[in-house]
Each structure stands twice: as C-alpha cells, then as structure tokens.
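Scroll down for the structure; my scribbles are underneath it.
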Amino acid sequence: FWVHSEHIPKLGWFENYFVTASNHRVHHAQNEQYIDKNYGGVFIIWDRMFGTHKVEDDNEACIYGIRGTLNTFDPIWANMHIYVKIIKEMWLSKSWKDKLYTPFARTSWNSKSLPEPAEKDNFNPETFRKYDPVISKKHKIYALFQYIFITYIFLSFIQTGYLNNAQLWITISLMTFTMYCVSRWLDGKEGLKFEIGRLALLLAISSYTYFQTTLLEISISVLGYAIINIFLLPFINNNQFPELQKRPL
C-alpha cells in the first residue's frame, strides 16, 4: 500500500520500470492529462510499451477521484454505481453503435448520441470539491470501532483455516452490511433501522456459531461486540444530522 501516498517523491530511475507512489498518483487522478494513464500494478514499463504512461506533472497537482459525483461513503454504491451508469448510458444512447461500444470504451470516452452530456463531461478542476461532509466526533469514533472489529473478525476467520460456503457468505455479507450501516451514519442519513437490523443479525449469528466448537471463540467475541453496540446505539443516534451538510468552501 506504500504507493498510495503523497509523502513519497519521485524515485529517479526506479520510476522507469516499477509502479511508484508518483506514477500511481497519476493513475488515481481525474485531471484531463492524467485520465486513462498508468494502469500497471507492479511494472510501469507495460504502460510505456502500450502508450498509456504519464509522468506526474510537478506543476499540476493530482485531483483524485472519478469523473462524476459519488458523494457517499456507501461501499456498495461506490463499487456498483459505475455499472449502473454504463447501463444507463447504453439505454439512453440513440446510436446503436454507441450502445454497443459503451461497455468496452475507455473511461474518457462518452457517447455523443446521449440526449444530455454525460456527467463526467462537466468536470471542471477549478470548481471541483471532494466529498467532505460534516461528521460528528462520536460518529467518527463509532466508525473506527467498527473498522477495528471487522478487521479482527476477518483475521480470526483466516486463522481458523477453513470456512464452508455458508460461513464464508455469512461473514462477507455481515462485513459488507456493517460497512453500509456505518456509511449511513457518516453520510448523515437515517441509520437507526438498519443498525437495529444489523444488531439482530449479529445476535442470531453468535447464537448459531456458539454450538460449533471451532467457532466458539468467535461466537463469544461477536456476542460481546453486539452487546457493546446495543449500549452505544442511543448515543450515536442522539442528535443525528437530519440532512447531509457540507463544510463551507
């Protein structure tokens, strides 16, 4: 994960052959000159060979993100929205050629037969502002607590050495749903109903795994985690933001 940093400068000759923090910053940028550049995961030499290499410009800072607004911490929507947009653009394009080309086109390409310009066409680096909602300290602490526990559960299940299909999907679903619930609190949306549902699932899962010897330790941990969340719920639900607020520019 060292390449995801602004604290590491260019590394001289190393930049010519390997992926570094500098050329990977370009990969994550949405500036016009950086779009569709530096795809390499380990060796940047592949981008040099296929014409997709771009050196980070010292005179133009990378604006990280994607073209088009996301404006949420929801991990499910963050991963699915691009497919929804592709399907929407295919449906709205008037040209059959554009419809068929849309799912295979590079990210900077847009259908010219859309009734309205695509959202990413309206990108302006001068007016762009990253998603930065006002989040209370208690919700930040709560989110950190959930992150620590999810990491613990993930590592604990790895340590067991084996998961059957049911256990695997239950674990993945619970972790994903937990992240979704946390995102609602951070986005300033109503999250109480989802949180109650999540805690009910946690209690049910801890009861189910309690009778399995290999998962007894995890079951007790999940039960303790659920009880802690139940006690925390009144505090995080108190004075929750009625609507999304943003920091003044």
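Chain labels run A, B, ... following the order of the structure tokens; each chain numbers its residues from 1, and ligands are numbered from 1 in the order shown.
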(request) Can you check which residues of region 127-200 of chain A DSSP gives as helix (DSSP H, G or I) on the backbone and send them as JSON, numbers by chain? (result) {"A": [137, 138, 139, 140, 141, 142, 143, 144, 145, 146, 147, 148, 149, 150, 151, 152, 153, 154, 155, 156, 157, 158, 159, 160, 165, 166, 167, 168, 169, 170, 171, 172, 173, 174, 175, 176, 177, 178, 179, 180, 181, 182, 183, 184, 185, 186, 187, 192, 193, 194, 195, 196, 197, 198, 199, 200]}
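Taking only C-alpha atoms, the non-local environment of region 174-184 of chain A within 8 Å (same-chain residues fewer than 6 positions away omitted) comprises Thr72, Phe73, Asp74, Pro75, Ile76, Ala143, Gln146, Ile150, Glu190, Gly191, Phe194, Glu195 and Arg198 of chain A.
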May I have a table of the residues of region 124-233 of chain A lying at most 12 Å from region 28-43 of chain A, giving each one's closest pair of atoms and their distance in Å to one decimal, counting only C-alpha atoms, ordered by chain and ascending residue number, as CSV?
residue,atom,partner,partner_atom,distance
A:Asn124,CA,A:Asn31,CA,9.0
A:Pro125,CA,A:Asn31,CA,7.1
A:Glu126,CA,A:Asn31,CA,10.7
A:Phe128,CA,A:Gln30,CA,10.5
A:Lys130,CA,A:Gln30,CA,11.8
(request) List the neighbours of Leu233 (chain A) out to 9 Å using only C-alpha atoms; skip same-chain residues closer than 4 positions along the sequence, and give me the result as a list in words. (result) Leu192, Glu195, Ile196, Ile228, Asn229, Asn237 and Asn238 of chain A
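Atom to atom, CA of Phe157 (chain A) and CA of Asp187 (chain A) stand 29.6 Å apart.
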(request) Find the residues near Ser22 (chain A): any atom within 8 Å, counting only C-alpha atoms, skip ones fewer than 3 places away on the same chain, and give them as a VMD selection string. (result) chain A and resid 3 6 8 to 10 25 to 26 55 to 56
Same residues, C-alpha atoms, saved as a PDB file, in the first residue's frame:
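Result file follows (part-v6.pdb):
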ATOM      1  CA  VAL A   3       2.204   3.590  -3.446  1.00  0.00           C
ATOM      2  CA  GLU A   6       1.719  11.809  -1.240  1.00  0.00           C
ATOM      3  CA  ILE A   8       6.936   9.677  -1.222  1.00  0.00           C
ATOM      4  CA  PRO A   9       8.541  11.780  -4.010  1.00  0.00           C
ATOM      5  CA  LYS A  10       9.726  10.616  -7.416  1.00  0.00           C
ATOM      6  CA  ARG A  25      -0.949   9.083  -8.043  1.00  0.00           C
ATOM      7  CA  VAL A  26      -1.447   9.760 -11.735  1.00  0.00           C
ATOM      8  CA  VAL A  55       4.827  11.275 -15.660  1.00  0.00           C
ATOM      9  CA  GLU A  56       3.391  13.234 -12.737  1.00  0.00           C
TER      10      GLU A  56
END
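Computed from the coordinates, the CA of Glu89 (chain A) to CA of Thr69 (chain A) distance equals 15.6 Å.
In this structure, CA of Ile170 (chain A) sits 20.4 Å away from CA of Met80 (chain A).
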(request) Would you list the contacts of Lys94 (chain A) as a PyMOL selection string, taking every protein, DNA or RNA residue within 12 Å and counting only C-alpha atoms, but skipping same-chain residues closer than 3 positions in sequence? (result) chain A and resi 88-91+97-100+102+111-116
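When only C-alpha atoms are used to compute distances to Leu199 (chain A), the closest of the residues A:Tyr225, A:Tyr101, A:Trp46, A:Trp13 turns out to be A:Tyr225.
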(message) Report as an MDAnalysis selection string all protein, DNA and RNA residues lying within 9 Å of Asn16 (chain A), evaluated on only C-alpha atoms, omitting residues in the same chain fewer than 3 positions from it.
(response) chainID A and resid 12:13 19 43:45 48
